[in-house]
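input.pdb follows; it contains PDB, C-alpha atoms and all ligand atoms.
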```pdb
MODEL        1
ATOM      1  CA  MET A   1     -36.199   5.849   9.648
ATOM      2  CA  LYS A   2     -32.866   4.276   8.748
ATOM      3  CA  PRO A   3     -29.882   6.624   8.363
ATOM      4  CA  ALA A   4     -28.777   7.227   4.790
ATOM      5  CA  ILE A   5     -25.281   6.276   3.686
ATOM      6  CA  LEU A   6     -23.223   6.391   0.510
ATOM      7  CA  VAL A   7     -21.131   3.390  -0.519
ATOM      8  CA  ALA A   8     -18.723   5.368  -2.668
ATOM      9  CA  ARG A   9     -17.166   2.473  -4.606
ATOM     10  CA  ALA A  10     -18.292  -1.000  -5.666
ATOM     11  CA  VAL A  11     -18.200  -3.509  -2.832
ATOM     12  CA  PHE A  12     -18.969  -7.202  -2.232
ATOM     13  CA  PRO A  13     -22.747  -7.859  -2.565
ATOM     14  CA  GLN A  14     -22.909  -9.601   0.814
ATOM     15  CA  VAL A  15     -21.472  -6.487   2.502
ATOM     16  CA  LEU A  16     -23.942  -4.284   0.688
ATOM     17  CA  GLU A  17     -26.749  -6.584   1.799
ATOM     18  CA  ARG A  18     -25.618  -6.260   5.410
ATOM     19  CA  LEU A  19     -25.478  -2.475   5.144
ATOM     20  CA  HIS A  20     -29.046  -2.490   3.758
ATOM     21  CA  GLN A  21     -30.211  -4.004   7.053
ATOM     22  CA  TYR A  22     -29.128  -0.868   8.911
ATOM     23  CA  PHE A  23     -29.180   1.931   6.381
ATOM     24  CA  GLU A  24     -30.828   3.518   3.360
ATOM     25  CA  VAL A  25     -27.968   2.748   1.000
ATOM     26  CA  GLU A  26     -26.989   4.673  -2.097
ATOM     27  CA  SER A  27     -24.422   2.436  -3.740
ATOM     28  CA  ASN A  28     -22.082   2.898  -6.649
ATOM     29  CA  GLN A  29     -22.008  -0.622  -8.055
ATOM     30  CA  ASP A  30     -20.991   0.619 -11.514
ATOM     31  CA  ASP A  31     -17.863   1.868  -9.735
ATOM     32  CA  HIS A  32     -17.684   5.320 -11.266
ATOM     33  CA  ILE A  33     -14.940   7.300  -9.528
ATOM     34  CA  PHE A  34     -16.652  10.434  -8.253
ATOM     35  CA  THR A  35     -15.063  13.809  -8.845
ATOM     36  CA  PRO A  36     -14.837  15.915  -5.662
ATOM     37  CA  ALA A  37     -17.978  17.822  -6.769
ATOM     38  CA  GLU A  38     -19.889  14.585  -7.437
ATOM     39  CA  LEU A  39     -18.804  13.161  -4.097
ATOM     40  CA  ALA A  40     -19.989  16.315  -2.315
ATOM     41  CA  SER A  41     -23.350  16.147  -4.055
ATOM     42  CA  ARG A  42     -23.788  12.396  -3.346
ATOM     43  CA  LEU A  43     -22.960  12.968   0.312
ATOM     44  CA  GLN A  44     -25.710  15.561   0.744
ATOM     45  CA  GLY A  45     -28.143  14.266   3.334
ATOM     46  CA  LYS A  46     -26.031  11.188   4.126
ATOM     47  CA  GLN A  47     -24.947  10.373   7.657
ATOM     48  CA  GLY A  48     -22.220   7.997   6.620
ATOM     49  CA  ALA A  49     -19.944   6.891   3.806
ATOM     50  CA  LEU A  50     -17.939   3.804   3.009
ATOM     51  CA  THR A  51     -14.946   5.029   1.054
ATOM     52  CA  THR A  52     -11.644   3.911  -0.421
ATOM     53  CA  ALA A  53      -8.411   5.751  -1.035
ATOM     54  CA  SER A  54      -9.880   7.445  -4.135
ATOM     55  CA  ALA A  55     -12.246   9.610  -2.054
ATOM     56  CA  ARG A  56     -10.652  12.788  -0.715
ATOM     57  CA  ILE A  57     -12.327  13.700   2.542
ATOM     58  CA  ASN A  58     -10.993  17.175   3.240
ATOM     59  CA  GLU A  59     -12.009  20.620   4.482
ATOM     60  CA  ASP A  60     -13.271  21.647   1.072
ATOM     61  CA  LEU A  61     -15.604  18.663   0.855
ATOM     62  CA  LEU A  62     -16.758  18.855   4.461
ATOM     63  CA  GLN A  63     -17.721  22.511   4.048
ATOM     64  CA  GLN A  64     -20.098  21.473   1.276
ATOM     65  CA  VAL A  65     -21.900  18.648   3.076
ATOM     66  CA  SER A  66     -24.088  18.772   6.114
ATOM     67  CA  GLY A  67     -25.219  16.009   8.421
ATOM     68  CA  LEU A  68     -22.267  13.694   7.741
ATOM     69  CA  LYS A  69     -21.304  11.816  10.893
ATOM     70  CA  MET A  70     -18.917   9.097   9.834
ATOM     71  CA  VAL A  71     -16.565   8.016   7.056
ATOM     72  CA  ALA A  72     -15.389   4.386   7.090
ATOM     73  CA  ASN A  73     -12.355   3.932   4.843
ATOM     74  CA  MET A  74     -11.859   0.473   3.364
ATOM     75  CA  ALA A  75      -8.068   0.633   3.707
ATOM     76  CA  VAL A  76      -5.528   0.731   6.480
ATOM     77  CA  GLY A  77      -3.968   3.849   4.956
ATOM     78  CA  TYR A  78      -6.032   6.990   5.411
ATOM     79  CA  ASP A  79      -3.953   9.692   3.758
ATOM     80  CA  ASN A  80      -7.086  10.491   1.718
ATOM     81  CA  ILE A  81      -8.781  11.657   4.919
ATOM     82  CA  ASP A  82      -7.925  14.940   6.624
ATOM     83  CA  LEU A  83      -8.481  13.948  10.251
ATOM     84  CA  ALA A  84      -8.160  17.505  11.551
ATOM     85  CA  ALA A  85     -10.907  18.652   9.165
ATOM     86  CA  CYS A  86     -13.090  15.687  10.203
ATOM     87  CA  HIS A  87     -12.524  16.553  13.848
ATOM     88  CA  ALA A  88     -13.440  20.201  13.221
ATOM     89  CA  HIS A  89     -16.672  19.153  11.459
ATOM     90  CA  GLY A  90     -17.581  16.491  14.043
ATOM     91  CA  VAL A  91     -17.143  13.641  11.552
ATOM     92  CA  MET A  92     -15.800  10.296  12.787
ATOM     93  CA  ALA A  93     -13.382   8.367  10.586
ATOM     94  CA  SER A  94     -12.185   4.771  10.685
ATOM     95  CA  ASN A  95      -9.790   2.500   8.789
ATOM     96  CA  THR A  96      -9.308  -1.277   8.432
ATOM     97  CA  PRO A  97      -6.093  -2.230  10.245
ATOM     98  CA  ASP A  98      -4.846  -5.764  11.000
ATOM     99  CA  VAL A  99      -7.121  -7.733   8.665
ATOM    100  CA  LEU A 100      -4.722  -7.147   5.747
ATOM    101  CA  ASN A 101      -1.339  -7.522   7.466
ATOM    102  CA  GLU A 102      -0.488 -11.054   6.416
ATOM    103  CA  THR A 103      -1.862 -10.839   2.869
ATOM    104  CA  THR A 104      -0.015  -7.583   2.243
ATOM    105  CA  ALA A 105       3.196  -9.034   3.696
ATOM    106  CA  ASP A 106       2.857 -12.079   1.407
ATOM    107  CA  PHE A 107       2.523  -9.790  -1.585
ATOM    108  CA  GLY A 108       5.489  -7.675  -0.493
ATOM    109  CA  TRP A 109       7.611 -10.791  -0.615
ATOM    110  CA  ALA A 110       6.229 -11.800  -3.994
ATOM    111  CA  LEU A 111       7.014  -8.370  -5.438
ATOM    112  CA  MET A 112      10.458  -8.183  -3.858
ATOM    113  CA  MET A 113      11.340 -11.666  -5.082
ATOM    114  CA  ALA A 114       9.995 -10.960  -8.568
ATOM    115  CA  ALA A 115      12.122  -7.797  -8.763
ATOM    116  CA  ALA A 116      15.256  -9.465  -7.400
ATOM    117  CA  ARG A 117      14.998 -12.649  -9.462
ATOM    118  CA  ARG A 118      13.681 -10.855 -12.556
ATOM    119  CA  ILE A 119      10.626 -13.074 -12.859
ATOM    120  CA  THR A 120       8.363 -10.851 -14.975
ATOM    121  CA  GLU A 121      11.245  -9.711 -17.178
ATOM    122  CA  ALA A 122      12.198 -13.347 -17.863
ATOM    123  CA  GLU A 123       8.588 -14.291 -18.520
ATOM    124  CA  HIS A 124       8.127 -11.489 -21.060
ATOM    125  CA  TRP A 125      11.310 -12.641 -22.807
ATOM    126  CA  LEU A 126      10.077 -16.231 -22.906
ATOM    127  CA  ARG A 127       6.652 -15.167 -24.224
ATOM    128  CA  GLU A 128       8.352 -13.135 -26.942
ATOM    129  CA  GLY A 129       9.917 -16.373 -28.220
ATOM    130  CA  LYS A 130      13.464 -15.349 -27.324
ATOM    131  CA  TRP A 131      14.331 -18.541 -25.407
ATOM    132  CA  THR A 132      16.456 -20.463 -27.878
ATOM    133  CA  LYS A 133      19.197 -21.627 -25.508
ATOM    134  CA  TRP A 134      20.295 -21.608 -21.876
ATOM    135  CA  ARG A 135      23.167 -19.350 -20.888
ATOM    136  CA  TYR A 136      25.078 -19.079 -17.600
ATOM    137  CA  ASP A 137      24.480 -15.339 -17.388
ATOM    138  CA  TYR A 138      20.830 -15.045 -18.377
ATOM    139  CA  PHE A 139      18.731 -13.145 -15.825
ATOM    140  CA  LEU A 140      21.247 -13.067 -13.018
ATOM    141  CA  GLY A 141      19.987 -11.190  -9.993
ATOM    142  CA  PRO A 142      20.746 -10.715  -6.310
ATOM    143  CA  ASP A 143      19.921 -13.436  -3.787
ATOM    144  CA  LEU A 144      17.382 -12.954  -1.058
ATOM    145  CA  HIS A 145      18.527 -15.688   1.307
ATOM    146  CA  GLY A 146      21.304 -14.558   3.599
ATOM    147  CA  ALA A 147      20.899 -10.936   2.468
ATOM    148  CA  THR A 148      20.083  -7.837   4.529
ATOM    149  CA  LEU A 149      16.479  -6.697   4.403
ATOM    150  CA  GLY A 150      15.771  -3.028   5.143
ATOM    151  CA  ILE A 151      12.197  -2.226   6.158
ATOM    152  CA  ILE A 152      11.137   1.427   6.261
ATOM    153  CA  GLY A 153       7.914   1.706   8.269
ATOM    154  CA  MET A 154       7.811  -1.012  10.894
ATOM    155  CA  GLY A 155       4.126  -1.129  11.723
ATOM    156  CA  ARG A 156       2.049  -4.277  11.692
ATOM    157  CA  ILE A 157       2.680  -5.006   8.005
ATOM    158  CA  GLY A 158       6.409  -4.296   8.309
ATOM    159  CA  GLN A 159       6.630  -6.699  11.232
ATOM    160  CA  ALA A 160       4.759  -9.394   9.276
ATOM    161  CA  ILE A 161       7.270  -8.943   6.427
ATOM    162  CA  ALA A 162      10.161  -9.224   8.882
ATOM    163  CA  ARG A 163       8.801 -12.458  10.395
ATOM    164  CA  ARG A 164       8.823 -14.065   6.957
ATOM    165  CA  SER A 165      12.534 -13.280   6.553
ATOM    166  CA  MET A 166      13.448 -15.882   9.191
ATOM    167  CA  GLY A 167      13.009 -18.640   6.647
ATOM    168  CA  PHE A 168      15.433 -16.832   4.327
ATOM    169  CA  ASN A 169      18.065 -16.453   7.002
ATOM    170  CA  MET A 170      18.155 -12.698   6.477
ATOM    171  CA  LYS A 171      19.399  -9.922   8.681
ATOM    172  CA  VAL A 172      16.692  -7.285   9.235
ATOM    173  CA  LEU A 173      17.267  -3.556   9.637
ATOM    174  CA  TYR A 174      14.320  -1.241  10.185
ATOM    175  CA  HIS A 175      13.622   2.447  10.294
ATOM    176  CA  ASN A 176      10.501   3.745  11.944
ATOM    177  CA  ARG A 177       9.098   6.790  13.751
ATOM    178  CA  SER A 178       9.581   4.928  17.016
ATOM    179  CA  ARG A 179      11.551   1.937  18.142
ATOM    180  CA  LEU A 180       9.763  -1.393  18.695
ATOM    181  CA  SER A 181       9.836  -3.076  22.088
ATOM    182  CA  PRO A 182      12.585  -5.682  22.584
ATOM    183  CA  GLU A 183       9.903  -8.409  22.362
ATOM    184  CA  GLN A 184       8.623  -7.022  19.062
ATOM    185  CA  GLU A 185      12.158  -6.763  17.654
ATOM    186  CA  LEU A 186      12.814 -10.362  18.638
ATOM    187  CA  ALA A 187       9.594 -11.538  16.954
ATOM    188  CA  ALA A 188      10.516  -9.519  13.846
ATOM    189  CA  ASN A 189      13.565 -11.729  13.232
ATOM    190  CA  HIS A 190      15.768  -9.764  15.662
ATOM    191  CA  ALA A 191      15.193  -6.592  13.652
ATOM    192  CA  VAL A 192      17.740  -3.863  14.337
ATOM    193  CA  TYR A 193      16.577  -0.226  14.660
ATOM    194  CA  THR A 194      18.684   1.797  12.220
ATOM    195  CA  GLY A 195      18.917   5.336  10.843
ATOM    196  CA  LYS A 196      17.428   5.764   7.393
ATOM    197  CA  GLU A 197      20.732   6.551   5.718
ATOM    198  CA  GLU A 198      22.517   3.592   7.283
ATOM    199  CA  LEU A 199      19.643   1.299   6.292
ATOM    200  CA  LEU A 200      19.768   2.513   2.690
ATOM    201  CA  ARG A 201      23.535   1.987   2.547
ATOM    202  CA  GLN A 202      23.513  -1.479   4.118
ATOM    203  CA  ALA A 203      20.349  -3.157   2.875
ATOM    204  CA  ASP A 204      20.354  -5.515  -0.094
ATOM    205  CA  HIS A 205      16.577  -5.225  -0.374
ATOM    206  CA  VAL A 206      14.661  -2.159   0.793
ATOM    207  CA  ILE A 207      10.912  -2.378   1.285
ATOM    208  CA  LEU A 208       8.632   0.584   2.001
ATOM    209  CA  VAL A 209       5.613   0.109   4.247
ATOM    210  CA  LEU A 210       5.313   3.515   5.888
ATOM    211  CA  PRO A 211       2.205   5.717   5.863
ATOM    212  CA  TYR A 212       2.059   8.584   3.385
ATOM    213  CA  SER A 213       2.052  12.092   4.831
ATOM    214  CA  ALA A 214       3.644  15.459   4.100
ATOM    215  CA  ALA A 215       6.638  14.183   6.082
ATOM    216  CA  SER A 216       7.062  11.031   3.976
ATOM    217  CA  HIS A 217       6.487  12.737   0.596
ATOM    218  CA  HIS A 218       9.456  11.777  -1.620
ATOM    219  CA  ALA A 219      11.194  10.103   1.326
ATOM    220  CA  ILE A 220      12.986   8.142  -1.396
ATOM    221  CA  GLY A 221      14.391  10.500  -4.014
ATOM    222  CA  ALA A 222      17.619  10.888  -5.963
ATOM    223  CA  ALA A 223      19.788  11.345  -2.859
ATOM    224  CA  GLU A 224      18.383   8.247  -1.127
ATOM    225  CA  LEU A 225      18.596   6.110  -4.263
ATOM    226  CA  GLY A 226      22.197   7.242  -4.591
ATOM    227  CA  MET A 227      22.953   5.799  -1.152
ATOM    228  CA  MET A 228      21.694   2.346  -2.072
ATOM    229  CA  LYS A 229      23.877  -0.498  -3.315
ATOM    230  CA  ARG A 230      24.009  -0.980  -7.072
ATOM    231  CA  THR A 231      22.838  -4.566  -6.482
ATOM    232  CA  ALA A 232      19.922  -3.516  -4.250
ATOM    233  CA  THR A 233      16.185  -3.734  -4.931
ATOM    234  CA  LEU A 234      13.487  -1.293  -3.836
ATOM    235  CA  THR A 235       9.897  -2.419  -3.238
ATOM    236  CA  ASN A 236       7.047   0.027  -2.570
ATOM    237  CA  LEU A 237       3.873  -1.393  -1.062
ATOM    238  CA  ALA A 238       2.851   1.750   0.772
ATOM    239  CA  ARG A 239       1.756   4.741  -1.294
ATOM    240  CA  GLY A 240       2.876   6.464  -4.436
ATOM    241  CA  GLY A 241       4.349   9.818  -3.496
ATOM    242  CA  ILE A 242       6.698   8.255  -0.951
ATOM    243  CA  VAL A 243       9.014   7.555  -3.871
ATOM    244  CA  ASP A 244       9.936  10.278  -6.349
ATOM    245  CA  ASP A 245       9.023   8.344  -9.507
ATOM    246  CA  VAL A 246      11.104  10.551 -11.810
ATOM    247  CA  ALA A 247      14.202   9.988  -9.649
ATOM    248  CA  LEU A 248      13.491   6.258  -9.508
ATOM    249  CA  ILE A 249      13.186   6.030 -13.289
ATOM    250  CA  ALA A 250      16.533   7.819 -13.644
ATOM    251  CA  ALA A 251      18.139   5.432 -11.122
ATOM    252  CA  LEU A 252      16.710   2.319 -12.789
ATOM    253  CA  LYS A 253      17.825   3.506 -16.233
ATOM    254  CA  VAL A 254      21.481   3.773 -15.235
ATOM    255  CA  LYS A 255      21.284   0.735 -12.924
ATOM    256  CA  GLN A 256      21.993   2.897  -9.889
ATOM    257  CA  ILE A 257      19.993   0.155  -8.174
ATOM    258  CA  ALA A 258      19.331  -3.300  -9.625
ATOM    259  CA  SER A 259      15.555  -3.291  -9.774
ATOM    260  CA  ALA A 260      12.301  -2.180  -8.207
ATOM    261  CA  GLY A 261       8.899  -3.644  -7.430
ATOM    262  CA  LEU A 262       6.060  -1.125  -7.345
ATOM    263  CA  ASP A 263       2.467  -1.710  -6.330
ATOM    264  CA  VAL A 264       1.717   2.001  -5.886
ATOM    265  CA  PHE A 265       2.402   5.131  -7.928
ATOM    266  CA  GLU A 266       2.247   8.895  -7.682
ATOM    267  CA  ASN A 267      -1.144   9.882  -9.235
ATOM    268  CA  GLU A 268      -2.336   6.283  -9.693
ATOM    269  CA  PRO A 269      -4.120   4.823 -11.572
ATOM    270  CA  LYS A 270      -2.034   7.022 -13.857
ATOM    271  CA  PHE A 271       1.663   6.276 -13.735
ATOM    272  CA  HIS A 272       4.781   7.598 -15.367
ATOM    273  CA  PRO A 273       4.857   6.105 -18.904
ATOM    274  CA  GLU A 274       8.626   5.659 -18.784
ATOM    275  CA  PHE A 275       8.210   2.807 -16.298
ATOM    276  CA  LEU A 276       6.893   0.765 -19.232
ATOM    277  CA  THR A 277      10.158   1.163 -21.101
ATOM    278  CA  LEU A 278      12.232  -0.346 -18.279
ATOM    279  CA  ASP A 279      12.956  -4.059 -17.871
ATOM    280  CA  ASN A 280      14.168  -3.801 -14.300
ATOM    281  CA  VAL A 281      10.888  -2.827 -12.673
ATOM    282  CA  VAL A 282       7.926  -5.017 -11.752
ATOM    283  CA  LEU A 283       4.655  -3.083 -11.894
ATOM    284  CA  THR A 284       1.380  -4.117 -10.252
ATOM    285  CA  PRO A 285      -1.887  -2.151  -9.934
ATOM    286  CA  HIS A 286      -2.203  -1.622  -6.151
ATOM    287  CA  ILE A 287      -3.172  -5.212  -5.341
ATOM    288  CA  ALA A 288      -1.116  -6.024  -2.240
ATOM    289  CA  SER A 289      -4.227  -6.663  -0.135
ATOM    290  CA  ALA A 290      -6.110  -8.385  -2.946
ATOM    291  CA  SER A 291      -6.793 -11.872  -1.658
ATOM    292  CA  GLU A 292     -10.447 -12.832  -1.682
ATOM    293  CA  LYS A 293     -10.519 -13.428   2.048
ATOM    294  CA  THR A 294      -8.723 -10.219   2.951
ATOM    295  CA  ARG A 295     -10.648  -7.857   0.692
ATOM    296  CA  LEU A 296     -13.870  -9.285   2.101
ATOM    297  CA  ALA A 297     -12.535  -8.889   5.651
ATOM    298  CA  MET A 298     -11.613  -5.263   4.866
ATOM    299  CA  ALA A 299     -15.093  -4.539   3.534
ATOM    300  CA  GLN A 300     -16.723  -6.224   6.550
ATOM    301  CA  CYS A 301     -14.447  -4.287   8.872
ATOM    302  CA  ALA A 302     -15.377  -0.973   7.230
ATOM    303  CA  ALA A 303     -19.072  -1.955   7.470
ATOM    304  CA  ASP A 304     -18.681  -2.912  11.166
ATOM    305  CA  ASN A 305     -17.191   0.494  11.860
ATOM    306  CA  LEU A 306     -19.946   2.342  10.018
ATOM    307  CA  ILE A 307     -22.690   0.340  11.721
ATOM    308  CA  ALA A 308     -21.160   0.937  15.158
ATOM    309  CA  GLY A 309     -20.567   4.637  14.550
ATOM    310  CA  LEU A 310     -24.065   5.344  13.252
ATOM    311  CA  THR A 311     -25.932   3.219  15.789
ATOM    312  CA  GLY A 312     -24.379   4.865  18.842
ATOM    313  CA  ASP A 313     -21.492   2.480  19.542
ATOM    314  CA  MET A 314     -17.790   3.162  19.461
ATOM    315  CA  PRO A 315     -16.382   2.251  16.013
ATOM    316  CA  PRO A 316     -13.720  -0.412  16.704
ATOM    317  CA  ASN A 317     -11.177   1.319  14.464
ATOM    318  CA  LEU A 318     -11.970   4.960  15.156
ATOM    319  CA  LEU A 319      -9.093   7.184  14.026
ATOM    320  CA  THR A 320      -7.987   9.848  16.451
ATOM    321  CA  LEU A 321      -5.891  12.958  15.934
ATOM    322  CA  LYS A 322      -2.370  12.347  17.231
TER     323      LYS A 322
HETATM  324  C1  LIG A 401      -6.452  -0.865  -0.455
HETATM  325  C2  LIG A 401      -4.361  -0.091   0.765
HETATM  326  O1  LIG A 401      -6.750  -1.894  -1.328
HETATM  327  O2  LIG A 401      -5.261  -0.632   2.868
HETATM  328  C3  LIG A 401      -4.619   0.166   2.202
HETATM  329  O3  LIG A 401      -4.139   1.201   2.705
HETATM  330  O4  LIG A 401      -3.568   0.536   0.183
HETATM  331  C4  LIG A 401      -5.076  -1.183   0.049
HETATM  332  O5  LIG A 401      -5.126  -2.301   0.864
HETATM  333  C5  LIG A 401      -6.694   0.422  -1.168
HETATM  334  O6  LIG A 401      -6.145   1.504  -0.548
HETATM  335  C6  LIG A 401      -8.188   0.625  -1.346
HETATM  336  O7  LIG A 401      -8.707   1.636  -0.556
ENDMDL
END
```
Give the structure from the file, written as structure tokens.
Amino acid sequence: MKPAILVARAVFPQVLERLHQYFEVESNQDDHIFTPAELASRLQGKQGALTTASARINEDLLQQVSGLKMVANMAVGYDNIDLAACHAHGVMASNTPDVLNETTADFGWALMMAAARRITEAEHWLREGKWTKWRYDYFLGPDLHGATLGIIGMGRIGQAIARRSMGFNMKVLYHNRSRLSPEQELAANHAVYTGKEELLRQADHVILVLPYSAASHHAIGAAELGMMKRTATLTNLARGGIVDDVALIAALKVKQIASAGLDVFENEPKFHPEFLTLDNVVLTPHIASASEKTRLAMAQCAADNLIAGLTGDMPPNLLTLK
């Protein structure tokens, strides 16, 4: 008999078809977001699950389900999964690293450039019929070329962002848990390892690509925003919760910083309604990895991991407790 799995969110039909070859699949093609209780009940009797960031795999859930062997998260971030609890319950977990690096880095640039050069703000103004003349001071913003880029979280995506800065002749500062090798720094446009405070003070554009954890909760709050240049931009591609949204709104209101680009929010898909009242923020609904090719690669990667894990092989992206 094939092992039973739950595909907890809608996924590409071709990936579902592949999973059907190996498993008895319960899928969620209408894409209802399960409550924790619903998720626990759907996972009863399942050996595996393909999940996204909306599924909280924690001690509470794992105490309610039996027989679960593996959770394959379709995301590189896995802050929704409590690895210690998985370890204690003998549940393997995997993520989808690498396949999304370049697409996410592309989007980081798009968001940062849109925030700096006020692209969405200008477009809204044009659409509202306000463009009656050209003026020398309409929509002035900071340059990207020749500026200093500050990257907080210099993993694979951070390094892909840094590589792109070569073409803009930028200086790169980075802050990370650990320093890159000299070869990696060279490849990342000669990135310079810097303390967080110094980075915030010196960077013209700050971009966040660090994982979310208790340690990075509100890593950017009022104090950090206060250290940034008044002409600086802040872009968050990582996770809501890394930025204190209330503090950011206050900073944007008084132009403590020039602008922000946000793809992620605390409590998304809900977000602080005051963001909508601000012109100097570009808001996108968590789409940094959303190219057709990359989302399919992420789904295939999650499926590969689940198939390996439940057929006795080593999942290629097995997550281990540090
Ligand atoms: C996902 C992401 O689209 O990979 C991640 O960590 O944030 C995105 O690429 C999202 O988390 C869906 O699970």
Original post:
Near A:Ile81, counting all atoms listed in the file, which residues have an atom at most 9 Å away, once you skip same-chain residues fewer than 6 positions from it, shown as a list in words?
Top reply: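 Once the nearby chain positions are removed, what remains is Ala53, Ala55, Arg56, Ile57, Asn58, Val71, Asn73 and Ala93 of chain A.
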Please report, as lines of an AutoDock Vina configuration file, the centre and edge lengths in Å to one decimal of an axis-aligned box covering all listed atoms of ligand LIG 401 (chain A) with 6 Å per side.
```
center_x = -6.1
center_y = -0.3
center_z = 0.8
size_x = 17.1
size_y = 15.9
size_z = 16.2
```
**OP:** Could you give me, as a PyMOL selection string, every polymer residue with an atom at most 8 Å away from an atom of ligand LIG 401 (chain A), counting all atoms listed in the file?
**Re:** chain A and resi 51-54+73-78+96-97+100+104+237-239+286-290+295
**OP:** Write out as number ranges by chain which residues come within 10 Å of stretch 107-124 of chain A when counting only C-alpha atoms, dropping same-chain ones fewer than 6 positions away.
**Re:** A: 130-131, 138-144, 157-158, 160-162, 164-165, 204-209, 231-238, 258-263, 278-284, 287-291
Store the residues of this selection in a file with C-alpha atoms, as a PDB file, keeping the file's coordinate frame.
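Ended up saving to selection_4.pdb:
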```pdb
ATOM      1  CA  LYS A 130      13.464 -15.349 -27.324  1.00  0.00           C
ATOM      2  CA  TRP A 131      14.331 -18.541 -25.407  1.00  0.00           C
ATOM      3  CA  TYR A 138      20.830 -15.045 -18.377  1.00  0.00           C
ATOM      4  CA  PHE A 139      18.731 -13.145 -15.825  1.00  0.00           C
ATOM      5  CA  LEU A 140      21.247 -13.067 -13.018  1.00  0.00           C
ATOM      6  CA  GLY A 141      19.987 -11.190  -9.993  1.00  0.00           C
ATOM      7  CA  PRO A 142      20.746 -10.715  -6.310  1.00  0.00           C
ATOM      8  CA  ASP A 143      19.921 -13.436  -3.787  1.00  0.00           C
ATOM      9  CA  LEU A 144      17.382 -12.954  -1.058  1.00  0.00           C
ATOM     10  CA  ILE A 157       2.680  -5.006   8.005  1.00  0.00           C
ATOM     11  CA  GLY A 158       6.409  -4.296   8.309  1.00  0.00           C
ATOM     12  CA  ALA A 160       4.759  -9.394   9.276  1.00  0.00           C
ATOM     13  CA  ILE A 161       7.270  -8.943   6.427  1.00  0.00           C
ATOM     14  CA  ALA A 162      10.161  -9.224   8.882  1.00  0.00           C
ATOM     15  CA  ARG A 164       8.823 -14.065   6.957  1.00  0.00           C
ATOM     16  CA  SER A 165      12.534 -13.280   6.553  1.00  0.00           C
ATOM     17  CA  ASP A 204      20.354  -5.515  -0.094  1.00  0.00           C
ATOM     18  CA  HIS A 205      16.577  -5.225  -0.374  1.00  0.00           C
ATOM     19  CA  VAL A 206      14.661  -2.159   0.793  1.00  0.00           C
ATOM     20  CA  ILE A 207      10.912  -2.378   1.285  1.00  0.00           C
ATOM     21  CA  LEU A 208       8.632   0.584   2.001  1.00  0.00           C
ATOM     22  CA  VAL A 209       5.613   0.109   4.247  1.00  0.00           C
ATOM     23  CA  THR A 231      22.838  -4.566  -6.482  1.00  0.00           C
ATOM     24  CA  ALA A 232      19.922  -3.516  -4.250  1.00  0.00           C
ATOM     25  CA  THR A 233      16.185  -3.734  -4.931  1.00  0.00           C
ATOM     26  CA  LEU A 234      13.487  -1.293  -3.836  1.00  0.00           C
ATOM     27  CA  THR A 235       9.897  -2.419  -3.238  1.00  0.00           C
ATOM     28  CA  ASN A 236       7.047   0.027  -2.570  1.00  0.00           C
ATOM     29  CA  LEU A 237       3.873  -1.393  -1.062  1.00  0.00           C
ATOM     30  CA  ALA A 238       2.851   1.750   0.772  1.00  0.00           C
ATOM     31  CA  ALA A 258      19.331  -3.300  -9.625  1.00  0.00           C
ATOM     32  CA  SER A 259      15.555  -3.291  -9.774  1.00  0.00           C
ATOM     33  CA  ALA A 260      12.301  -2.180  -8.207  1.00  0.00           C
ATOM     34  CA  GLY A 261       8.899  -3.644  -7.430  1.00  0.00           C
ATOM     35  CA  LEU A 262       6.060  -1.125  -7.345  1.00  0.00           C
ATOM     36  CA  ASP A 263       2.467  -1.710  -6.330  1.00  0.00           C
ATOM     37  CA  LEU A 278      12.232  -0.346 -18.279  1.00  0.00           C
ATOM     38  CA  ASP A 279      12.956  -4.059 -17.871  1.00  0.00           C
ATOM     39  CA  ASN A 280      14.168  -3.801 -14.300  1.00  0.00           C
ATOM     40  CA  VAL A 281      10.888  -2.827 -12.673  1.00  0.00           C
ATOM     41  CA  VAL A 282       7.926  -5.017 -11.752  1.00  0.00           C
ATOM     42  CA  LEU A 283       4.655  -3.083 -11.894  1.00  0.00           C
ATOM     43  CA  THR A 284       1.380  -4.117 -10.252  1.00  0.00           C
ATOM     44  CA  ILE A 287      -3.172  -5.212  -5.341  1.00  0.00           C
ATOM     45  CA  ALA A 288      -1.116  -6.024  -2.240  1.00  0.00           C
ATOM     46  CA  SER A 289      -4.227  -6.663  -0.135  1.00  0.00           C
ATOM     47  CA  ALA A 290      -6.110  -8.385  -2.946  1.00  0.00           C
ATOM     48  CA  SER A 291      -6.793 -11.872  -1.658  1.00  0.00           C
TER      49      SER A 291
END
```
Original post:
Between atom CA of A:Pro269 and atom CA of A:His32, what is the distance, to one decimal in Å?
Top reply: 13.6 Å
**OP:** Check which residues satisfy the PyMOL selection byres (((chain A and resi 199) around 9) and not hetatm) in the file shown, then give them as a PyMOL selection string.
**Re:** chain A and resi 149-152+173-175+194-198+200-203+206+228
Contacts of A:Tyr22 at 12 Å (all atoms listed in the file; same-chain gap of 4+ positions) as a short mmCIF file (atom, residue, chain, number, x, y, z; two decimals) with C-alpha atoms, in the coordinates of the input:
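Full text of selection.cif as output:
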```cif
data_model
loop_
_atom_site.label_atom_id
_atom_site.label_comp_id
_atom_site.auth_asym_id
_atom_site.auth_seq_id
_atom_site.Cartn_x
_atom_site.Cartn_y
_atom_site.Cartn_z
CA MET A 1 -36.20 5.85 9.65
CA LYS A 2 -32.87 4.28 8.75
CA PRO A 3 -29.88 6.62 8.36
CA ALA A 4 -28.78 7.23 4.79
CA ILE A 5 -25.28 6.28 3.69
CA VAL A 15 -21.47 -6.49 2.50
CA LEU A 16 -23.94 -4.28 0.69
CA GLU A 17 -26.75 -6.58 1.80
CA ARG A 18 -25.62 -6.26 5.41
CA GLY A 48 -22.22 8.00 6.62
CA ALA A 303 -19.07 -1.96 7.47
CA ASP A 304 -18.68 -2.91 11.17
CA LEU A 306 -19.95 2.34 10.02
CA ILE A 307 -22.69 0.34 11.72
CA ALA A 308 -21.16 0.94 15.16
CA GLY A 309 -20.57 4.64 14.55
CA LEU A 310 -24.06 5.34 13.25
CA THR A 311 -25.93 3.22 15.79
#
```
